[in-house]
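Next comes coords_24.cif, with mmCIF, C-alpha atoms.
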data_query
#
loop_
_atom_site.group_PDB
_atom_site.id
_atom_site.type_symbol
_atom_site.label_atom_id
_atom_site.label_comp_id
_atom_site.auth_asym_id
_atom_site.auth_seq_id
_atom_site.Cartn_x
_atom_site.Cartn_y
_atom_site.Cartn_z
ATOM 1 C CA MET A 165 -11.614 -3.031 -24.245
ATOM 2 C CA ASN A 166 -12.704 -4.740 -21.059
ATOM 3 C CA VAL A 167 -9.785 -5.737 -18.868
ATOM 4 C CA ASP A 168 -10.125 -8.709 -16.552
ATOM 5 C CA ILE A 169 -8.474 -8.191 -13.166
ATOM 6 C CA SER A 170 -8.289 -10.754 -10.397
ATOM 7 C CA LEU A 171 -6.450 -11.017 -7.116
ATOM 8 C CA ALA A 172 -3.746 -13.656 -7.378
ATOM 9 C CA SER A 173 -2.354 -13.228 -3.853
ATOM 10 C CA ILE A 174 -2.272 -10.955 -0.828
ATOM 11 C CA GLU A 175 0.703 -11.326 1.485
ATOM 12 C CA GLU A 176 1.843 -9.447 4.566
ATOM 13 C CA THR A 177 5.592 -9.283 3.983
ATOM 14 C CA GLU A 178 6.561 -7.342 7.107
ATOM 15 C CA PHE A 179 5.091 -6.093 10.357
ATOM 16 C CA PHE A 180 7.158 -4.214 12.907
ATOM 17 C CA TYR A 181 5.832 -2.503 16.021
ATOM 18 C CA LYS A 182 7.905 -0.969 18.783
ATOM 19 C CA ASN A 183 5.644 -0.521 21.791
ATOM 20 C CA SER A 184 8.222 1.338 23.891
ATOM 21 C CA ILE A 185 8.196 4.314 21.509
ATOM 22 C CA LEU A 186 4.443 4.831 21.882
ATOM 23 C CA ASN A 187 4.051 3.735 25.483
ATOM 24 C CA VAL A 188 4.386 7.223 26.919
ATOM 25 C CA ALA A 189 2.187 8.849 29.539
ATOM 26 C CA ASN A 190 1.843 12.088 27.572
ATOM 27 C CA PHE A 191 1.179 10.760 24.088
ATOM 28 C CA ASP A 192 1.235 13.699 21.658
ATOM 29 C CA ALA A 193 -0.578 12.991 18.398
ATOM 30 C CA ASP A 194 1.026 16.087 16.848
ATOM 31 C CA VAL A 195 4.399 14.328 16.611
ATOM 32 C CA LEU A 196 2.916 11.181 15.086
ATOM 33 C CA GLN A 197 3.456 10.949 11.329
ATOM 34 C CA MET A 198 2.274 8.399 8.813
ATOM 35 C CA HIS A 199 3.968 7.708 5.487
ATOM 36 C CA VAL A 200 2.606 5.540 2.677
ATOM 37 C CA ASN A 201 4.562 4.322 -0.319
ATOM 38 C CA LEU A 202 3.156 2.175 -3.132
ATOM 39 C CA LEU A 203 5.719 0.389 -5.279
ATOM 40 C CA LYS A 204 4.549 -1.180 -8.515
ATOM 41 C CA ASN A 205 6.226 -3.973 -10.451
ATOM 42 C CA ILE A 206 4.985 -5.321 -13.759
ATOM 43 C CA ASP A 207 5.703 -8.985 -14.471
ATOM 44 C CA LEU A 208 4.906 -9.629 -18.125
ATOM 45 C CA SER A 209 6.012 -13.261 -17.912
ATOM 46 C CA GLN A 210 3.050 -14.035 -15.631
ATOM 47 C CA ASN A 211 0.713 -11.189 -16.656
ATOM 48 C CA PHE A 212 0.883 -9.888 -13.092
ATOM 49 C CA VAL A 213 1.067 -6.447 -11.587
ATOM 50 C CA ASN A 214 2.533 -6.510 -8.079
ATOM 51 C CA ILE A 215 1.958 -3.624 -5.708
ATOM 52 C CA LEU A 216 3.906 -3.446 -2.468
ATOM 53 C CA THR A 217 2.328 -0.983 -0.045
ATOM 54 C CA ILE A 218 4.540 0.204 2.787
ATOM 55 C CA VAL A 219 3.059 2.111 5.716
ATOM 56 C CA THR A 220 5.251 3.572 8.426
ATOM 57 C CA TYR A 221 4.314 5.496 11.533
ATOM 58 C CA THR A 222 6.961 7.591 13.243
ATOM 59 C CA TYR A 223 6.692 9.169 16.664
ATOM 60 C CA ASN A 224 9.206 11.883 17.542
ATOM 61 C CA GLU A 225 11.009 10.868 14.332
ATOM 62 C CA GLN A 226 11.487 7.272 15.527
ATOM 63 C CA GLU A 227 9.919 4.448 13.592
ATOM 64 C CA ALA A 228 7.138 2.973 15.716
ATOM 65 C CA LEU A 229 5.364 0.793 13.155
ATOM 66 C CA ARG A 230 5.961 -0.552 9.671
ATOM 67 C CA LEU A 231 3.586 -2.704 7.674
ATOM 68 C CA GLN A 232 4.251 -4.053 4.193
ATOM 69 C CA VAL A 233 1.634 -5.848 2.138
ATOM 70 C CA LYS A 234 2.216 -7.221 -1.366
ATOM 71 C CA ILE A 235 -0.733 -7.778 -3.659
ATOM 72 C CA ASP A 236 -0.443 -9.636 -6.965
ATOM 73 C CA PHE A 237 -3.059 -8.796 -9.560
ATOM 74 C CA ALA A 238 -3.536 -11.072 -12.559
ATOM 75 C CA LEU A 239 -4.378 -9.275 -15.805
ATOM 76 C CA PRO A 240 -4.641 -11.741 -18.728
ATOM 77 C CA GLN A 241 -4.730 -8.862 -21.244
ATOM 78 C CA LEU A 242 -1.624 -7.177 -19.783
ATOM 79 C CA PRO A 243 0.495 -7.448 -22.972
ATOM 80 C CA GLU A 244 -2.310 -5.801 -24.955
ATOM 81 C CA ILE A 245 -2.814 -2.800 -22.658
ATOM 82 C CA ILE A 246 0.688 -1.976 -21.468
ATOM 83 C CA THR A 247 2.905 0.643 -23.091
ATOM 84 C CA GLN A 248 6.558 1.503 -22.663
ATOM 85 C CA ASN A 249 8.141 4.913 -22.373
ATOM 86 C CA ALA A 250 11.410 6.335 -21.027
ATOM 87 C CA ASN A 251 10.281 5.525 -17.463
ATOM 88 C CA GLY A 252 9.530 1.867 -18.215
ATOM 89 C CA TRP A 253 6.266 -0.031 -18.566
ATOM 90 C CA GLN A 254 3.066 1.939 -18.068
ATOM 91 C CA LEU A 255 -0.483 0.809 -17.407
ATOM 92 C CA PRO A 256 -3.465 2.778 -18.633
ATOM 93 C CA GLU A 257 -4.182 5.412 -15.993
ATOM 94 C CA ALA A 258 -7.654 4.062 -15.172
ATOM 95 C CA ILE A 259 -6.296 0.528 -14.536
ATOM 96 C CA ASP A 260 -3.379 1.891 -12.518
ATOM 97 C CA THR A 261 -5.761 3.928 -10.367
ATOM 98 C CA VAL A 262 -8.010 0.926 -9.677
ATOM 99 C CA LEU A 263 -5.093 -1.332 -8.678
ATOM 100 C CA GLN A 264 -3.514 1.235 -6.396
ATOM 101 C CA SER A 265 -6.865 2.102 -4.823
ATOM 102 C CA ILE A 266 -7.508 -1.581 -4.043
ATOM 103 C CA SER A 267 -4.001 -1.930 -2.598
ATOM 104 C CA TYR A 268 -4.302 1.146 -0.399
ATOM 105 C CA SER A 269 -7.748 0.196 0.919
ATOM 106 C CA THR A 270 -6.677 -3.395 1.588
ATOM 107 C CA VAL A 271 -3.705 -2.209 3.624
ATOM 108 C CA ARG A 272 -5.982 0.151 5.566
ATOM 109 C CA GLY A 273 -7.934 -2.925 6.675
ATOM 110 C CA PHE A 274 -4.748 -4.858 7.530
ATOM 111 C CA LEU A 275 -3.539 -1.925 9.610
ATOM 112 C CA ALA A 276 -6.814 -1.555 11.495
ATOM 113 C CA ALA A 277 -6.700 -5.272 12.378
ATOM 114 C CA LYS A 278 -2.993 -5.280 13.302
ATOM 115 C CA THR A 279 -3.279 -2.241 15.598
ATOM 116 C CA GLN A 280 -6.340 -3.450 17.507
ATOM 117 C CA GLY A 281 -5.647 -2.704 21.179
ATOM 118 C CA LEU A 282 -2.536 -0.613 20.439
ATOM 119 C CA PRO A 283 -2.148 3.163 20.891
ATOM 120 C CA LEU A 284 -2.181 3.572 17.087
ATOM 121 C CA HIS A 285 -5.577 1.930 16.649
ATOM 122 C CA LYS A 286 -7.448 5.247 16.358
ATOM 123 C CA PHE A 287 -4.996 6.702 13.816
ATOM 124 C CA TYR A 288 -6.428 5.271 10.605
ATOM 125 C CA MET A 289 -4.973 5.655 7.172
ATOM 126 C CA PRO A 290 -6.888 8.543 5.635
ATOM 127 C CA ILE A 291 -9.267 8.230 2.740
ATOM 128 C CA VAL A 292 -7.410 9.689 -0.226
ATOM 129 C CA ASP A 293 -7.863 10.218 -3.924
ATOM 130 C CA PRO A 294 -6.018 7.216 -5.415
ATOM 131 C CA GLN A 295 -5.115 9.374 -8.388
ATOM 132 C CA GLN A 296 -2.347 10.876 -6.242
ATOM 133 C CA PHE A 297 -0.452 7.564 -6.356
ATOM 134 C CA VAL A 298 -0.618 7.107 -10.127
ATOM 135 C CA ASN A 299 2.598 7.741 -12.033
#

Please express what this file holds, its structure, as structure tokens.
Amino acid sequence: MNVDISLASIEETEFFYKNSILNVANFDADVLQMHVNLLKNIDLSQNFVNILTIVTYTYNEQEALRLQVKIDFALPQLPEIITQNANGWQLPEAIDTVLQSISYSTVRGFLAAKTQGLPLHKFYMPIVDPQQFVN
């Protein structure tokens, strides 16, 4: 079965940057950490899958940056492809991987644009296997 997927919306829901944490003369990249979390919500009433991607950078264990981007994907065939198990609604793995890969890559672009001219600009989100986010 072919599954139609379209972008319904892309929204930056939060951006936080604390310059004073990173504005140090002896910036040490070894104490900079990045965390990425993808949260998925399935809305059967609208045939949408929403993915909220949250990226945080910490420096010396203090939050220096947080970016949240929500992407709504429209899938007209959602009721036909979704299954339910003990953990809730599940998408086919291939569809889930595509949606999460698009979300992650989109947020990488947001982050590159938002950090232009900031000390974090050269610390890109890595290229990863999107399979690691599935399930």

Query raised in the report: What lies within 6 Å of region 191-202 of chain A using all atoms listed in the file, ignoring chain neighbours under 2 positions off, as an MDAnalysis selection string?
Result: chainID A and resid 188:189 216:224

Report task. Name every residue that the PyMOL selection byres ((chain A and resi 168-185) around 6) selects in this structure, writing the answer as a ChimeraX atom specification with chains first and numbers rising. Result -> /A:167,186-187,228-239

**Report entry** Nearest to Asp260 (chain A) by atom-to-atom distance, counting all atoms listed in the file, from A:Met289, A:Leu282, A:Val213, A:Leu208
**Finding:**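 Smallest separation from Asp260 (chain A) among the options: A:Val213.
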
**Report entry** CA of Leu255 (chain A) to CA of Pro294 (chain A), distance in Å rounded to a single decimal
**Finding:**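 Rounded to one decimal, the two atoms are 14.7 Å apart.
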
**Report entry** Residue members of the PyMOL selection byres ((chain A and resi 253) around 12) in the file shown, as a list of chain:residue names
**Finding:** A:Lys204, A:Asn205, A:Ile206, A:Asp207, A:Leu208, A:Val213, A:Leu242, A:Pro243, A:Ile245, A:Ile246, A:Thr247, A:Gln248, A:Asn249, A:Ala250, A:Asn251, A:Gly252, A:Gln254, A:Leu255, A:Pro256, A:Asp260, A:Asn299

Query raised in the report: Expressed in Å to a single decimal, how great is the separation between CA of Asn166 (chain A) and CA of Pro240 (chain A)?
Result: 10.9 Å

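For the pair CA of Lys278 (chain A) and CA of Asp293 (chain A), the separation is 23.7 Å.
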
Report task. Expand the PyMOL selection byres ((chain A and resi 273) around 12) into the individual residues it matches in the shown file, reporting them as a list in words. Result -> Glu176, Leu231, Val233, Ile266, Ser267, Tyr268, Ser269, Thr270, Val271, Arg272, Phe274, Leu275, Ala276, Ala277, Lys278, Thr279, Gln280, His285, Tyr288, Met289, Pro290 and Ile291 of chain A

For region 172-194 of chain A, which lacks atoms in the input, supply N, CA and C atoms and format the output as a PDB file, keeping the file's coordinate frame.
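Saved result, part-v1.pdb, follows:
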ATOM      1  N   ALA A 172      -4.479 -12.396  -7.350  1.00  0.00           N
ATOM      2  CA  ALA A 172      -3.746 -13.656  -7.378  1.00  0.00           C
ATOM      3  C   ALA A 172      -3.221 -14.005  -5.981  1.00  0.00           C
ATOM      4  N   SER A 173      -2.812 -12.977  -5.225  1.00  0.00           N
ATOM      5  CA  SER A 173      -2.354 -13.228  -3.853  1.00  0.00           C
ATOM      6  C   SER A 173      -2.295 -11.922  -3.074  1.00  0.00           C
ATOM      7  N   ILE A 174      -2.449 -12.059  -1.770  1.00  0.00           N
ATOM      8  CA  ILE A 174      -2.272 -10.955  -0.828  1.00  0.00           C
ATOM      9  C   ILE A 174      -1.379 -11.498   0.277  1.00  0.00           C
ATOM     10  N   GLU A 175      -0.268 -10.816   0.512  1.00  0.00           N
ATOM     11  CA  GLU A 175       0.703 -11.326   1.485  1.00  0.00           C
ATOM     12  C   GLU A 175       1.255 -10.193   2.343  1.00  0.00           C
ATOM     13  N   GLU A 176       1.163 -10.366   3.655  1.00  0.00           N
ATOM     14  CA  GLU A 176       1.843  -9.447   4.566  1.00  0.00           C
ATOM     15  C   GLU A 176       3.317  -9.838   4.555  1.00  0.00           C
ATOM     16  N   THR A 177       4.174  -8.949   4.093  1.00  0.00           N
ATOM     17  CA  THR A 177       5.592  -9.283   3.983  1.00  0.00           C
ATOM     18  C   THR A 177       6.413  -8.778   5.168  1.00  0.00           C
ATOM     19  N   GLU A 178       5.852  -7.821   5.922  1.00  0.00           N
ATOM     20  CA  GLU A 178       6.561  -7.342   7.107  1.00  0.00           C
ATOM     21  C   GLU A 178       5.598  -6.633   8.042  1.00  0.00           C
ATOM     22  N   PHE A 179       5.786  -6.870   9.335  1.00  0.00           N
ATOM     23  CA  PHE A 179       5.091  -6.093  10.357  1.00  0.00           C
ATOM     24  C   PHE A 179       6.063  -5.871  11.493  1.00  0.00           C
ATOM     25  N   PHE A 180       6.253  -4.612  11.839  1.00  0.00           N
ATOM     26  CA  PHE A 180       7.158  -4.214  12.907  1.00  0.00           C
ATOM     27  C   PHE A 180       6.415  -3.220  13.785  1.00  0.00           C
ATOM     28  N   TYR A 181       6.452  -3.426  15.082  1.00  0.00           N
ATOM     29  CA  TYR A 181       5.832  -2.503  16.021  1.00  0.00           C
ATOM     30  C   TYR A 181       6.723  -2.403  17.245  1.00  0.00           C
ATOM     31  N   LYS A 182       7.057  -1.180  17.612  1.00  0.00           N
ATOM     32  CA  LYS A 182       7.905  -0.969  18.783  1.00  0.00           C
ATOM     33  C   LYS A 182       7.075  -0.248  19.842  1.00  0.00           C
ATOM     34  N   ASN A 183       6.545  -1.018  20.759  1.00  0.00           N
ATOM     35  CA  ASN A 183       5.644  -0.521  21.791  1.00  0.00           C
ATOM     36  C   ASN A 183       6.293   0.545  22.668  1.00  0.00           C
ATOM     37  N   SER A 184       7.578   0.412  22.956  1.00  0.00           N
ATOM     38  CA  SER A 184       8.222   1.338  23.891  1.00  0.00           C
ATOM     39  C   SER A 184       8.234   2.775  23.371  1.00  0.00           C
ATOM     40  N   ILE A 185       8.203   2.961  22.065  1.00  0.00           N
ATOM     41  CA  ILE A 185       8.196   4.314  21.509  1.00  0.00           C
ATOM     42  C   ILE A 185       6.864   4.998  21.774  1.00  0.00           C
ATOM     43  N   LEU A 186       5.776   4.245  21.731  1.00  0.00           N
ATOM     44  CA  LEU A 186       4.443   4.831  21.882  1.00  0.00           C
ATOM     45  C   LEU A 186       3.887   4.717  23.287  1.00  0.00           C
ATOM     46  N   ASN A 187       4.540   3.959  24.130  1.00  0.00           N
ATOM     47  CA  ASN A 187       4.051   3.735  25.483  1.00  0.00           C
ATOM     48  C   ASN A 187       4.519   4.868  26.402  1.00  0.00           C
ATOM     49  N   VAL A 188       4.002   6.053  26.132  1.00  0.00           N
ATOM     50  CA  VAL A 188       4.386   7.223  26.919  1.00  0.00           C
ATOM     51  C   VAL A 188       3.135   7.790  27.578  1.00  0.00           C
ATOM     52  N   ALA A 189       3.324   8.327  28.777  1.00  0.00           N
ATOM     53  CA  ALA A 189       2.187   8.849  29.539  1.00  0.00           C
ATOM     54  C   ALA A 189       1.552  10.058  28.849  1.00  0.00           C
ATOM     55  N   ASN A 190       2.345  10.872  28.216  1.00  0.00           N
ATOM     56  CA  ASN A 190       1.843  12.088  27.572  1.00  0.00           C
ATOM     57  C   ASN A 190       1.909  11.957  26.056  1.00  0.00           C
ATOM     58  N   PHE A 191       1.194  10.998  25.535  1.00  0.00           N
ATOM     59  CA  PHE A 191       1.179  10.760  24.088  1.00  0.00           C
ATOM     60  C   PHE A 191       0.726  12.028  23.375  1.00  0.00           C
ATOM     61  N   ASP A 192       1.517  12.477  22.403  1.00  0.00           N
ATOM     62  CA  ASP A 192       1.235  13.699  21.658  1.00  0.00           C
ATOM     63  C   ASP A 192       1.008  13.340  20.191  1.00  0.00           C
ATOM     64  N   ALA A 193      -0.242  13.364  19.773  1.00  0.00           N
ATOM     65  CA  ALA A 193      -0.578  12.991  18.398  1.00  0.00           C
ATOM     66  C   ALA A 193       0.042  13.934  17.373  1.00  0.00           C
ATOM     67  N   ASP A 194       0.434  15.132  17.787  1.00  0.00           N
ATOM     68  CA  ASP A 194       1.026  16.087  16.848  1.00  0.00           C
ATOM     69  C   ASP A 194       2.406  15.666  16.351  1.00  0.00           C
TER      70      ASP A 194
END
